[in-house]
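Content type compact mmCIF, N, CA and C atoms, from the file structure_38.txt:
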```
# COMPACT_ATOMS: atom_id res chain seq x y z
N MET A 1472 -10.34 -18.19 3.64
CA MET A 1472 -9.70 -17.58 2.47
C MET A 1472 -9.53 -16.08 2.72
N PHE A 1473 -8.56 -15.51 2.09
CA PHE A 1473 -8.29 -14.08 2.23
C PHE A 1473 -9.17 -13.30 1.27
N PRO A 1474 -9.49 -12.04 1.61
CA PRO A 1474 -10.24 -11.21 0.66
C PRO A 1474 -9.43 -11.02 -0.63
N ASP A 1475 -10.10 -10.62 -1.68
CA ASP A 1475 -9.43 -10.47 -2.98
C ASP A 1475 -8.21 -9.57 -2.91
N HIS A 1476 -8.33 -8.42 -2.22
CA HIS A 1476 -7.19 -7.51 -2.16
C HIS A 1476 -6.06 -8.10 -1.31
N GLY A 1477 -6.39 -8.95 -0.36
CA GLY A 1477 -5.35 -9.64 0.42
C GLY A 1477 -4.61 -10.66 -0.41
N GLN A 1478 -5.35 -11.43 -1.18
CA GLN A 1478 -4.72 -12.39 -2.09
C GLN A 1478 -3.86 -11.66 -3.12
N ALA A 1479 -4.38 -10.53 -3.60
CA ALA A 1479 -3.64 -9.75 -4.59
C ALA A 1479 -2.31 -9.27 -4.00
N TRP A 1480 -2.33 -8.81 -2.73
CA TRP A 1480 -1.10 -8.33 -2.10
C TRP A 1480 -0.09 -9.47 -1.96
N LEU A 1481 -0.54 -10.61 -1.51
CA LEU A 1481 0.38 -11.75 -1.35
C LEU A 1481 0.99 -12.15 -2.68
N ARG A 1482 0.18 -12.16 -3.72
CA ARG A 1482 0.70 -12.51 -5.05
C ARG A 1482 1.64 -11.44 -5.58
N TYR A 1483 1.27 -10.18 -5.40
CA TYR A 1483 2.06 -9.07 -5.92
C TYR A 1483 3.38 -8.93 -5.16
N CYS A 1484 3.30 -8.92 -3.85
CA CYS A 1484 4.47 -8.61 -3.04
C CYS A 1484 5.37 -9.82 -2.80
N TYR A 1485 4.79 -10.97 -2.58
CA TYR A 1485 5.58 -12.14 -2.20
C TYR A 1485 5.61 -13.23 -3.27
N GLY A 1486 4.66 -13.18 -4.20
CA GLY A 1486 4.64 -14.14 -5.29
C GLY A 1486 5.22 -13.57 -6.57
N PHE A 1487 5.61 -12.29 -6.52
CA PHE A 1487 6.22 -11.60 -7.66
C PHE A 1487 5.34 -11.62 -8.90
N ASP A 1488 4.02 -11.62 -8.67
CA ASP A 1488 3.05 -11.55 -9.76
C ASP A 1488 2.63 -10.09 -9.90
N LEU A 1489 3.19 -9.41 -10.87
CA LEU A 1489 3.00 -7.97 -11.02
C LEU A 1489 1.80 -7.61 -11.89
N ALA A 1490 0.84 -8.50 -11.99
CA ALA A 1490 -0.33 -8.26 -12.82
C ALA A 1490 -1.04 -6.97 -12.40
N PHE A 1491 -1.47 -6.22 -13.37
CA PHE A 1491 -2.15 -4.96 -13.13
C PHE A 1491 -3.37 -5.15 -12.23
N LYS A 1492 -4.11 -6.22 -12.43
CA LYS A 1492 -5.33 -6.43 -11.64
C LYS A 1492 -5.02 -6.54 -10.15
N HIS A 1493 -3.89 -7.11 -9.80
CA HIS A 1493 -3.50 -7.19 -8.38
C HIS A 1493 -3.24 -5.80 -7.83
N GLN A 1494 -2.47 -5.03 -8.58
CA GLN A 1494 -2.15 -3.67 -8.14
C GLN A 1494 -3.42 -2.83 -8.00
N ALA A 1495 -4.33 -2.98 -8.94
CA ALA A 1495 -5.57 -2.21 -8.88
C ALA A 1495 -6.41 -2.58 -7.66
N LEU A 1496 -6.53 -3.87 -7.35
CA LEU A 1496 -7.29 -4.30 -6.17
C LEU A 1496 -6.68 -3.76 -4.88
N ILE A 1497 -5.38 -3.82 -4.78
CA ILE A 1497 -4.67 -3.34 -3.58
C ILE A 1497 -4.88 -1.84 -3.43
N CYS A 1498 -4.66 -1.10 -4.50
CA CYS A 1498 -4.78 0.36 -4.45
C CYS A 1498 -6.20 0.78 -4.12
N GLU A 1499 -7.17 0.10 -4.68
CA GLU A 1499 -8.56 0.43 -4.40
C GLU A 1499 -8.87 0.24 -2.91
N ALA A 1500 -8.38 -0.85 -2.33
CA ALA A 1500 -8.63 -1.10 -0.91
C ALA A 1500 -7.96 -0.04 -0.03
N ILE A 1501 -6.72 0.30 -0.33
CA ILE A 1501 -6.01 1.32 0.44
C ILE A 1501 -6.68 2.68 0.28
N TRP A 1502 -7.07 3.02 -0.94
CA TRP A 1502 -7.72 4.31 -1.20
C TRP A 1502 -9.06 4.39 -0.48
N ASN A 1503 -9.85 3.33 -0.54
CA ASN A 1503 -11.16 3.35 0.13
C ASN A 1503 -11.01 3.61 1.62
N GLU A 1504 -9.99 3.05 2.22
CA GLU A 1504 -9.74 3.28 3.64
C GLU A 1504 -9.26 4.72 3.87
N HIS A 1505 -8.37 5.20 3.03
CA HIS A 1505 -7.78 6.52 3.23
C HIS A 1505 -8.77 7.65 2.97
N GLN A 1506 -9.60 7.50 1.97
CA GLN A 1506 -10.47 8.62 1.61
C GLN A 1506 -11.50 8.94 2.69
N GLU A 1507 -11.73 8.00 3.61
CA GLU A 1507 -12.61 8.29 4.74
C GLU A 1507 -12.02 9.37 5.65
N ARG A 1508 -10.70 9.55 5.60
CA ARG A 1508 -10.01 10.52 6.44
C ARG A 1508 -9.81 11.88 5.76
N LEU A 1509 -10.22 11.99 4.52
CA LEU A 1509 -10.00 13.24 3.79
C LEU A 1509 -10.97 14.31 4.25
N PRO A 1510 -10.50 15.55 4.29
CA PRO A 1510 -11.40 16.64 4.70
C PRO A 1510 -12.47 16.90 3.65
N VAL A 1511 -13.62 17.32 4.13
CA VAL A 1511 -14.72 17.67 3.23
C VAL A 1511 -14.28 18.88 2.40
N GLY A 1512 -14.62 18.89 1.14
CA GLY A 1512 -14.29 20.03 0.28
C GLY A 1512 -12.89 20.00 -0.30
N LEU A 1513 -12.22 18.86 -0.22
CA LEU A 1513 -10.88 18.74 -0.80
C LEU A 1513 -10.97 18.92 -2.31
N MET A 1514 -10.09 19.71 -2.87
CA MET A 1514 -10.11 19.99 -4.30
C MET A 1514 -9.89 18.70 -5.11
N MET A 1515 -10.55 18.60 -6.24
CA MET A 1515 -10.46 17.42 -7.09
C MET A 1515 -9.02 17.18 -7.55
N LYS A 1516 -8.29 18.25 -7.86
CA LYS A 1516 -6.90 18.12 -8.30
C LYS A 1516 -6.05 17.47 -7.19
N THR A 1517 -6.28 17.88 -5.96
CA THR A 1517 -5.55 17.31 -4.82
C THR A 1517 -5.93 15.85 -4.65
N ARG A 1518 -7.20 15.55 -4.77
CA ARG A 1518 -7.69 14.17 -4.65
C ARG A 1518 -7.03 13.27 -5.71
N LYS A 1519 -6.93 13.75 -6.94
CA LYS A 1519 -6.31 12.97 -8.02
C LYS A 1519 -4.84 12.71 -7.73
N ARG A 1520 -4.16 13.71 -7.20
CA ARG A 1520 -2.75 13.52 -6.85
C ARG A 1520 -2.60 12.52 -5.71
N LEU A 1521 -3.53 12.53 -4.78
CA LEU A 1521 -3.48 11.55 -3.69
C LEU A 1521 -3.68 10.13 -4.21
N ILE A 1522 -4.53 9.98 -5.20
CA ILE A 1522 -4.73 8.66 -5.81
C ILE A 1522 -3.42 8.18 -6.44
N GLU A 1523 -2.68 9.10 -7.07
CA GLU A 1523 -1.36 8.74 -7.60
C GLU A 1523 -0.44 8.27 -6.47
N LEU A 1524 -0.52 8.94 -5.34
CA LEU A 1524 0.34 8.56 -4.21
C LEU A 1524 -0.01 7.18 -3.66
N VAL A 1525 -1.28 6.79 -3.74
CA VAL A 1525 -1.66 5.44 -3.30
C VAL A 1525 -0.87 4.41 -4.10
N TRP A 1526 -0.89 4.59 -5.40
CA TRP A 1526 -0.18 3.67 -6.30
C TRP A 1526 1.30 3.61 -5.94
N LEU A 1527 1.89 4.77 -5.74
CA LEU A 1527 3.32 4.84 -5.41
C LEU A 1527 3.62 4.25 -4.04
N ALA A 1528 2.74 4.46 -3.08
CA ALA A 1528 2.94 3.91 -1.74
C ALA A 1528 2.91 2.38 -1.77
N VAL A 1529 1.98 1.83 -2.52
CA VAL A 1529 1.90 0.36 -2.65
C VAL A 1529 3.17 -0.17 -3.30
N GLN A 1530 3.60 0.48 -4.37
CA GLN A 1530 4.82 0.03 -5.05
C GLN A 1530 6.04 0.16 -4.15
N GLU A 1531 6.13 1.25 -3.41
CA GLU A 1531 7.31 1.46 -2.56
C GLU A 1531 7.37 0.44 -1.41
N VAL A 1532 6.25 0.20 -0.76
CA VAL A 1532 6.25 -0.77 0.34
C VAL A 1532 6.56 -2.17 -0.19
N ALA A 1533 5.98 -2.53 -1.32
CA ALA A 1533 6.27 -3.84 -1.91
C ALA A 1533 7.75 -3.95 -2.27
N ALA A 1534 8.31 -2.89 -2.83
CA ALA A 1534 9.74 -2.90 -3.19
C ALA A 1534 10.60 -3.06 -1.95
N GLN A 1535 10.23 -2.40 -0.87
CA GLN A 1535 10.98 -2.53 0.38
C GLN A 1535 10.91 -3.95 0.92
N GLN A 1536 9.77 -4.60 0.76
CA GLN A 1536 9.61 -5.96 1.26
C GLN A 1536 10.42 -6.95 0.42
N MET A 1537 10.55 -6.67 -0.86
CA MET A 1537 11.26 -7.58 -1.76
C MET A 1537 12.76 -7.31 -1.84
N ASN A 1538 13.19 -6.13 -1.42
CA ASN A 1538 14.57 -5.73 -1.64
C ASN A 1538 15.05 -4.91 -0.43
N ASN A 1539 15.88 -5.50 0.40
CA ASN A 1539 16.31 -4.81 1.61
C ASN A 1539 17.31 -3.68 1.34
N THR A 1540 17.73 -3.51 0.11
CA THR A 1540 18.63 -2.41 -0.23
C THR A 1540 17.88 -1.26 -0.90
N TYR A 1541 16.56 -1.35 -0.94
CA TYR A 1541 15.74 -0.32 -1.59
C TYR A 1541 15.94 1.02 -0.90
N LYS A 1542 16.09 2.06 -1.69
CA LYS A 1542 16.25 3.42 -1.17
C LYS A 1542 14.98 4.22 -1.49
N GLN A 1543 14.46 4.91 -0.49
CA GLN A 1543 13.26 5.71 -0.68
C GLN A 1543 13.58 7.00 -1.43
N TYR A 1544 12.60 7.49 -2.17
CA TYR A 1544 12.74 8.77 -2.86
C TYR A 1544 12.58 9.90 -1.85
N THR A 1545 13.20 11.01 -2.12
CA THR A 1545 13.06 12.17 -1.24
C THR A 1545 11.73 12.88 -1.51
N GLY A 1546 11.35 13.70 -0.57
CA GLY A 1546 10.13 14.49 -0.73
C GLY A 1546 10.21 15.39 -1.95
N ALA A 1547 11.39 15.91 -2.23
CA ALA A 1547 11.55 16.79 -3.39
C ALA A 1547 11.26 16.04 -4.69
N LEU A 1548 11.69 14.79 -4.77
CA LEU A 1548 11.40 14.00 -5.97
C LEU A 1548 9.91 13.66 -6.06
N ARG A 1549 9.30 13.38 -4.92
CA ARG A 1549 7.85 13.13 -4.92
C ARG A 1549 7.10 14.38 -5.38
N ALA A 1550 7.53 15.52 -4.88
CA ALA A 1550 6.90 16.79 -5.27
C ALA A 1550 7.02 17.00 -6.78
N ALA A 1551 8.20 16.76 -7.31
CA ALA A 1551 8.42 16.91 -8.75
C ALA A 1551 7.53 15.95 -9.53
N HIS A 1552 7.40 14.72 -9.04
CA HIS A 1552 6.56 13.73 -9.71
C HIS A 1552 5.10 14.21 -9.78
N LEU A 1553 4.63 14.83 -8.70
CA LEU A 1553 3.25 15.32 -8.68
C LEU A 1553 3.08 16.67 -9.35
N GLY A 1554 4.20 17.34 -9.64
CA GLY A 1554 4.12 18.65 -10.26
C GLY A 1554 3.75 19.75 -9.27
N VAL A 1555 4.20 19.59 -8.01
CA VAL A 1555 3.93 20.61 -6.99
C VAL A 1555 5.27 21.09 -6.42
N SER A 1556 5.23 22.24 -5.76
CA SER A 1556 6.44 22.76 -5.13
C SER A 1556 6.79 21.92 -3.90
N ARG A 1557 8.03 22.06 -3.48
CA ARG A 1557 8.48 21.33 -2.28
C ARG A 1557 7.67 21.76 -1.06
N SER A 1558 7.37 23.05 -0.95
CA SER A 1558 6.60 23.52 0.20
C SER A 1558 5.17 22.97 0.17
N THR A 1559 4.57 22.89 -1.02
CA THR A 1559 3.23 22.30 -1.13
C THR A 1559 3.28 20.83 -0.76
N TRP A 1560 4.34 20.15 -1.20
CA TRP A 1560 4.51 18.74 -0.82
C TRP A 1560 4.52 18.62 0.71
N CYS A 1561 5.33 19.43 1.34
CA CYS A 1561 5.48 19.34 2.80
C CYS A 1561 4.19 19.68 3.54
N GLU A 1562 3.47 20.68 3.06
CA GLU A 1562 2.26 21.14 3.74
C GLU A 1562 1.03 20.28 3.46
N VAL A 1563 0.89 19.86 2.21
CA VAL A 1563 -0.35 19.19 1.80
C VAL A 1563 -0.19 17.68 1.65
N TYR A 1564 0.83 17.26 0.94
CA TYR A 1564 0.91 15.86 0.52
C TYR A 1564 1.71 14.95 1.45
N ALA A 1565 2.75 15.45 2.07
CA ALA A 1565 3.60 14.60 2.92
C ALA A 1565 2.83 13.91 4.03
N PRO A 1566 1.90 14.59 4.72
CA PRO A 1566 1.14 13.87 5.75
C PRO A 1566 0.31 12.72 5.17
N HIS A 1567 -0.27 12.94 4.01
CA HIS A 1567 -1.03 11.87 3.35
C HIS A 1567 -0.10 10.73 2.94
N TRP A 1568 1.08 11.08 2.43
CA TRP A 1568 2.06 10.08 2.02
C TRP A 1568 2.41 9.17 3.20
N ARG A 1569 2.67 9.78 4.34
CA ARG A 1569 3.02 8.99 5.53
C ARG A 1569 1.85 8.09 5.94
N MET A 1570 0.63 8.63 5.90
CA MET A 1570 -0.55 7.82 6.26
C MET A 1570 -0.75 6.67 5.28
N LEU A 1571 -0.57 6.95 3.98
CA LEU A 1571 -0.76 5.91 2.98
C LEU A 1571 0.27 4.80 3.15
N LYS A 1572 1.53 5.18 3.34
CA LYS A 1572 2.56 4.16 3.52
C LYS A 1572 2.30 3.36 4.80
N SER A 1573 1.89 4.03 5.85
CA SER A 1573 1.57 3.34 7.10
C SER A 1573 0.42 2.37 6.91
N ALA A 1574 -0.57 2.77 6.12
CA ALA A 1574 -1.72 1.90 5.86
C ALA A 1574 -1.28 0.65 5.09
N VAL A 1575 -0.39 0.82 4.12
CA VAL A 1575 0.08 -0.33 3.34
C VAL A 1575 0.91 -1.26 4.23
N VAL A 1576 1.78 -0.68 5.07
CA VAL A 1576 2.59 -1.50 5.97
C VAL A 1576 1.69 -2.24 6.95
N ALA A 1577 0.70 -1.56 7.51
CA ALA A 1577 -0.23 -2.21 8.45
C ALA A 1577 -1.00 -3.34 7.75
N PHE A 1578 -1.39 -3.11 6.52
CA PHE A 1578 -2.08 -4.13 5.73
C PHE A 1578 -1.18 -5.35 5.56
N ASP A 1579 0.08 -5.11 5.23
CA ASP A 1579 1.06 -6.19 5.06
C ASP A 1579 1.24 -6.97 6.37
N VAL A 1580 1.44 -6.26 7.46
CA VAL A 1580 1.66 -6.91 8.75
C VAL A 1580 0.45 -7.74 9.15
N GLU A 1581 -0.74 -7.18 8.98
CA GLU A 1581 -1.96 -7.91 9.33
C GLU A 1581 -2.11 -9.17 8.47
N LEU A 1582 -1.86 -9.02 7.20
CA LEU A 1582 -2.00 -10.16 6.29
C LEU A 1582 -0.98 -11.25 6.60
N LEU A 1583 0.26 -10.87 6.84
CA LEU A 1583 1.28 -11.86 7.17
C LEU A 1583 0.98 -12.54 8.50
N GLY A 1584 0.44 -11.79 9.44
CA GLY A 1584 0.01 -12.39 10.71
C GLY A 1584 -1.08 -13.43 10.49
N ASN A 1585 -2.01 -13.12 9.60
CA ASN A 1585 -3.07 -14.09 9.28
C ASN A 1585 -2.51 -15.33 8.59
N VAL A 1586 -1.53 -15.13 7.71
CA VAL A 1586 -0.90 -16.27 7.03
C VAL A 1586 -0.21 -17.15 8.04
N LEU A 1587 0.57 -16.55 8.94
CA LEU A 1587 1.28 -17.34 9.96
C LEU A 1587 0.31 -18.05 10.89
N SER A 1588 -0.76 -17.39 11.24
CA SER A 1588 -1.77 -18.00 12.10
C SER A 1588 -2.39 -19.22 11.43
N ARG A 1589 -2.71 -19.07 10.17
CA ARG A 1589 -3.29 -20.21 9.42
C ARG A 1589 -2.31 -21.35 9.30
N MET A 1590 -1.04 -21.01 9.08
CA MET A 1590 -0.02 -22.05 8.99
C MET A 1590 0.10 -22.79 10.31
N HIS A 1591 0.03 -22.06 11.42
CA HIS A 1591 0.12 -22.65 12.74
C HIS A 1591 -1.07 -23.58 12.99
N VAL A 1592 -2.27 -23.13 12.65
CA VAL A 1592 -3.48 -23.94 12.83
C VAL A 1592 -3.39 -25.19 11.97
N ASP A 1593 -2.98 -25.02 10.71
CA ASP A 1593 -2.86 -26.17 9.81
C ASP A 1593 -1.83 -27.18 10.33
N ALA A 1594 -0.72 -26.69 10.83
CA ALA A 1594 0.32 -27.59 11.36
C ALA A 1594 -0.19 -28.32 12.59
N PHE A 1595 -0.94 -27.63 13.44
CA PHE A 1595 -1.49 -28.25 14.64
C PHE A 1595 -2.49 -29.32 14.28
N GLN A 1596 -3.34 -29.04 13.28
CA GLN A 1596 -4.35 -30.01 12.85
C GLN A 1596 -3.70 -31.23 12.21
N ASP A 1597 -2.59 -31.06 11.51
CA ASP A 1597 -1.88 -32.18 10.90
C ASP A 1597 -1.32 -33.11 11.96
N HIS A 1598 -0.87 -32.57 13.08
CA HIS A 1598 -0.27 -33.38 14.16
C HIS A 1598 -1.31 -33.96 15.10
N LYS A 1599 -2.54 -33.49 14.99
CA LYS A 1599 -3.61 -33.90 15.89
C LYS A 1599 -4.08 -35.31 15.59
N VAL A 1600 -3.90 -35.76 14.38
CA VAL A 1600 -4.41 -37.06 13.94
C VAL A 1600 -3.77 -38.14 14.67
```

Just give me the structure as structure tokens.
Amino acid sequence: MFPDHGQAWLRYCYGFDLAFKHQALICEAIWNEHQERLPVGLMMKTRKRLIELVWLAVQEVAAQQMNNTYKQYTGALRAAHLGVSRSTWCEVYAPHWRMLKSAVVAFDVELLGNVLSRMHVDAFQDHKV
């Protein structure tokens, strides 16, 4: 069986189950992984904004997976959403944004690989009889 956050991702992204609890489990898993990379002494305000970006990164990657015509927001719009200047976005938040999105994509790829592997094993076992 997949971990809870893995099941939540499959339901949210591919099962179109947009339940808040799924989103919360996914975001918590991504955040727990990302916060290990944060510098010591990071300001609380910056940390809170990064948590917002986790939520947005999960939503954006899921939207890209569900809709091949999805258009990404520009850095300027992300900066406006967080209430920071474009230069602050570029210097402080953009690197985290890229890491968060990469983490979500890697999570998706790993999970789909596990799904395909299980399907392959199940198909092999069905033919083994």

Hey, could you make a per-residue contact list for segment 1511-1595 of chain A against segment 1481-1503 of chain A with 6 Å as the cut-off, showing the nearest pair of atoms and its distance in Å to one decimal, counting only N, CA and C atoms, sorted by chain and number, as CSV?
```
residue,atom,partner,partner_atom,distance
A:Val1525,C,A:Cys1498,CA,5.6
A:Trp1526,N,A:Cys1498,CA,5.8
A:Ala1533,CA,A:Cys1484,CA,5.2
```

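Residue nearest Ala1528 of chain A, chosen from A:Leu1571, A:Leu1509, A:Val1580, A:Cys1561 and counting all atoms listed in the file: A:Leu1571.
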
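The coordinates place atom C of Val1529 of chain A at 7.3 Å from atom CA of Val1575 of chain A.
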
Worksheet item: atom CA of Met1570 of chain A and atom CA of Glu1531 of chain A, how far apart in Å?
Response: 13.4 Å

Discussion item. Please report the interatomic distance between atom CA of Asp1579 of chain A and atom CA of Pro1474 of chain A in Å with one decimal.
Written reply: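 Between these atoms lies a distance of 13.1 Å.
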
Worksheet item: Hey, which of A:Val1576, A:Leu1583, A:Met1590, A:Val1563 ends up closest to Gln1530 of chain A? Count only C-alpha atoms.
Response: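 Ranking A:Val1576, A:Leu1583, A:Met1590, A:Val1563 by distance to Gln1530 of chain A, first place goes to A:Val1576.
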